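Colleague: Quick one: the structure is below, questions incoming.
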Amino acid sequence: MSDVGSVRPEHAAAIAEWDYEADVVVVGYGVAGASAAIEAARAGADVLVLERTGGWGGAAALSGGFIYLGGGMALQKALGFEDTPENMEKYMTAAFGPGVDESKVHDYCQGSVEHFDWLVAQGVPFKEEFWGEPGWEPPTDQGLMYSGGENAAPYNTIATPAPRGHLPQMANKRTGEKGGGFMLMKPLTDMAESLGVRAEYDLRLRRLITDDAGRVAGVVARRYGKDVHVRARRGVVLATGSFAFNEQMVKTYVPVLTDKAASAVEEHDGIGIRVAQALGADLAHMDAIEVALFADPQMVARGIFVNARGQRFLAEDTYGGFMGQEVLMRQNNQAFLIIDEIALEEARNTRSSTAGMRNEPPAWVAESVEELESEMGFPTGVLQATVDVYNRHAKEGVDPVLGKKPEWVKPIGTPLAAYDSSNRTGGFTLGGLKTDLDSRVLHVSGDPIPGLFAAGRCTSGICAGGYASGASLGDGSFFGRRAGRAAAKS
């Protein structure tokens, strides 16, 4: 990074005048920052939030708004689903790894019900309606769905399936504008304001400030080309987002994601990670990513996915994020959906918020599998063998090879078509600063860096490899609260 010198900390003794002061300074006004600000204010601290854009929200406000929570909370019970913290932990440990922070996952699962109740108490609304169809998110404002393949192979054999994707209720849903993410952030920022939290906008983080004892005492930010010095009497909370839009960091830590950033905002440039690194902060799981596969789940579940060798490689009714990771990282970003005419028409007649692919023409159409195989350029027999094995078992409504659920298992008939889903992946980074259960940033020595806290996607949270929709907003808000309380008491 050409400007690496600029992230080195500034000494408090060299600052003649502070432009702003507060007990707790929160950098970033997304879900982690808002949650931190609320809890710090409730703990009696004077709180100032610094946001680099012209308003609150960050990536959270533009997201679908899923919050991954479970363990038996009110919405699950109201809709007839049983869950426990232990069951949730089994799933998360298996699906979010390998190498998950077991203490964080355990803490998150044990505190999940309380956290849901906290969100409701802040004014976040949830509609008591379940959406059970394949999809990235419900078509309207249903409040609960499976958002991580919990009910699909192999995870439905590891833990009892329970839906944990909670979506704030919204009116006139417009994803990316006023969708679930907006309806999450609006009540949180309103609550922060009611508690006396101040906010300053158009301030871009540049460096941390330390005192003679090495404690973080504030930040240097820049507004309209001028440095602004902000003093933090008790602590600084970094809630600055991921490094998905820092080209050099992506090439260094997770080159497979180069030029494939999605589901993030350009402000996610890794600055929070870098200024903490300048103080010796430790990092974790910097190679971990979430990957979306831009394909219609309703179509995928009704067909079969094959790789460049014409072989199936996953259960097609699973979570799209698992599909995306598999395609990008283990299938050389190549995947093809094989679907027959009847299944395609069924998919086109379903409700979905992700219907773009079903309106596209297929790349290949054929009257037989043999003809389709030839048109796609596969070696003779490979696709025919794959379809033959699938159809042989599908006649009995089972998929013993990869475990797709019986309701989606039907023989592939003719005529049929193939969609090219190669190079249709994108995602964001999951790795970041190593923090403890109180969201204190840890030095490479293992000790907390005095006065420095962090939450959200600038940290390594509950995900170490796998993902479920809602894990980022859930993790960010949960440990954002911890960061705010710890900073206020620091």
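Residue numbers start at 1 in each chain; chains themselves are named A, B, ... in the order of the structure tokens; ligands are numbered from 1 in the order shown.
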Counting only C-alpha atoms, give me one row per residue of segment 2-71 of chain A with an atom at most 10 Å from an atom of segment 187-194 of chain A, showing the shortest contact pair and its distance in Å to one decimal, sorted by chain then residue number, as CSV.
Modeller:
residue,atom,partner,partner_atom,distance
A:Tyr29,CA,A:Thr189,CA,8.4
A:Gly30,CA,A:Thr189,CA,9.1
A:Val31,CA,A:Leu188,CA,7.9
A:Gly33,CA,A:Thr189,CA,9.5
A:Ala34,CA,A:Thr189,CA,6.1
A:Ser35,CA,A:Leu188,CA,7.0
A:Ala36,CA,A:Ala192,CA,9.3
A:Ala37,CA,A:Ala192,CA,6.4
A:Ile38,CA,A:Ala192,CA,5.0
A:Glu39,CA,A:Ala192,CA,8.8
A:Ala40,CA,A:Ala192,CA,9.7
A:Ala41,CA,A:Ala192,CA,7.8
A:Arg42,CA,A:Ala192,CA,9.4
A:Val47,CA,A:Ala192,CA,9.3
A:Val49,CA,A:Ala192,CA,9.9
A:Trp56,CA,A:Thr189,CA,7.5
A:Gly57,CA,A:Thr189,CA,8.4
Colleague: Write out, as a short mmCIF file (atom, residue, chain, number, x, y, z; two decimals), in the first residue's frame, the residues just selected, with N, CA and C atoms.
Modeller:
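Saved result, out15.cif, follows:
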data_model
loop_
_atom_site.label_atom_id
_atom_site.label_comp_id
_atom_site.auth_asym_id
_atom_site.auth_seq_id
_atom_site.Cartn_x
_atom_site.Cartn_y
_atom_site.Cartn_z
N TYR A 29 -20.85 4.37 10.88
CA TYR A 29 -22.24 4.41 11.35
C TYR A 29 -23.10 3.40 10.61
N GLY A 30 -22.57 2.16 10.50
CA GLY A 30 -23.39 1.05 10.05
C GLY A 30 -23.98 0.34 11.25
N VAL A 31 -24.31 -0.93 11.10
CA VAL A 31 -25.00 -1.64 12.17
C VAL A 31 -24.11 -1.84 13.40
N GLY A 33 -21.54 0.11 14.32
CA GLY A 33 -21.34 1.42 14.94
C GLY A 33 -22.56 1.92 15.67
N ALA A 34 -23.74 1.73 15.07
CA ALA A 34 -24.97 2.18 15.72
C ALA A 34 -25.22 1.40 17.01
N SER A 35 -25.00 0.09 16.97
CA SER A 35 -25.20 -0.73 18.16
C SER A 35 -24.21 -0.36 19.26
N ALA A 36 -22.98 -0.10 18.87
CA ALA A 36 -21.96 0.32 19.84
C ALA A 36 -22.33 1.65 20.47
N ALA A 37 -22.80 2.58 19.66
CA ALA A 37 -23.15 3.91 20.15
C ALA A 37 -24.31 3.84 21.15
N ILE A 38 -25.31 3.02 20.85
CA ILE A 38 -26.46 2.89 21.75
C ILE A 38 -26.03 2.36 23.11
N GLU A 39 -25.25 1.29 23.11
CA GLU A 39 -24.87 0.68 24.38
C GLU A 39 -23.87 1.53 25.16
N ALA A 40 -22.99 2.23 24.46
CA ALA A 40 -22.07 3.13 25.16
C ALA A 40 -22.83 4.27 25.82
N ALA A 41 -23.81 4.80 25.10
CA ALA A 41 -24.62 5.89 25.67
C ALA A 41 -25.42 5.40 26.88
N ARG A 42 -25.97 4.21 26.77
CA ARG A 42 -26.74 3.66 27.89
C ARG A 42 -25.85 3.38 29.10
N VAL A 47 -21.05 10.05 23.64
CA VAL A 47 -20.67 9.29 22.45
C VAL A 47 -20.70 10.17 21.20
N VAL A 49 -20.13 9.67 16.98
CA VAL A 49 -19.92 8.78 15.84
C VAL A 49 -19.35 9.58 14.68
N TRP A 56 -25.91 8.24 7.83
CA TRP A 56 -25.77 6.95 8.49
C TRP A 56 -26.19 5.82 7.56
N GLY A 57 -25.82 4.61 7.93
CA GLY A 57 -26.35 3.43 7.24
C GLY A 57 -25.30 2.44 6.78
#
Colleague: Run DSSP on the backbone and give me the residues of segment 212-426 of chain A it puts in strand (DSSP E), as a PyMOL selection string.
Modeller: chain A and resi 216-223+226-238+283-284+289-293+304-306+336-340+364-366+416-420+425-426
Colleague: Hey, what's within 10 Å of Gly28 of chain A if we count only C-alpha atoms and toss same-chain stuff fewer than 5 positions away? As a ChimeraX atom specification, please?
Modeller: /A:33-34,49-53,56-58,199,201,203-205,237-241,267,272,456
Colleague: Between A:His106, A:Lys489, A:Leu337, A:Leu184, which is the closest to Gln122 of chain A once you count only C-alpha atoms?
Modeller: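 Once distances to Gln122 of chain A are computed over only C-alpha atoms, the minimum belongs to A:Leu184.
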Colleague: Quick one: of A:Pro98, A:Gly476, A:Pro411, A:Gly149, who's nearest to Ala464 of chain A, counting only C-alpha atoms?
Modeller: A:Pro98
Colleague: Considering only C-alpha atoms, can you say which of A:Glu290, A:Glu396, A:Glu375, A:Asp101 comes closest to Ser472 of chain A?
Modeller: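 Among A:Glu290, A:Glu396, A:Glu375, A:Asp101, it is A:Glu290 that comes nearest to Ser472 of chain A.
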Colleague: Here is a test: counting only C-alpha atoms, which residue of A:Val7, A:Leu79, A:Met376, A:Val219 is nearest to Val24 of chain A?
Modeller: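 Ranked by minimum distance to Val24 of chain A, first place goes to A:Val219.
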Colleague: Which neighbours of Ala288 of chain A fall inside 12 Å, counting only C-alpha atoms, when residues of the same chain fewer than 2 positions from it are skipped, and could you give them as number ranges by chain?
Modeller: A: 96-100, 242-244, 250, 253-257, 283-286, 290-291, 325, 329, 427-432, 457, 459-467
Colleague: Select, from A:Asp420, A:Glu326, A:Asp282, A:Asp227, the residue with the minimum atom-to-atom distance to Pro448 of chain A, counting only C-alpha atoms.
Modeller: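 Among the listed residues, the smallest separation from Pro448 of chain A belongs to A:Asp282.
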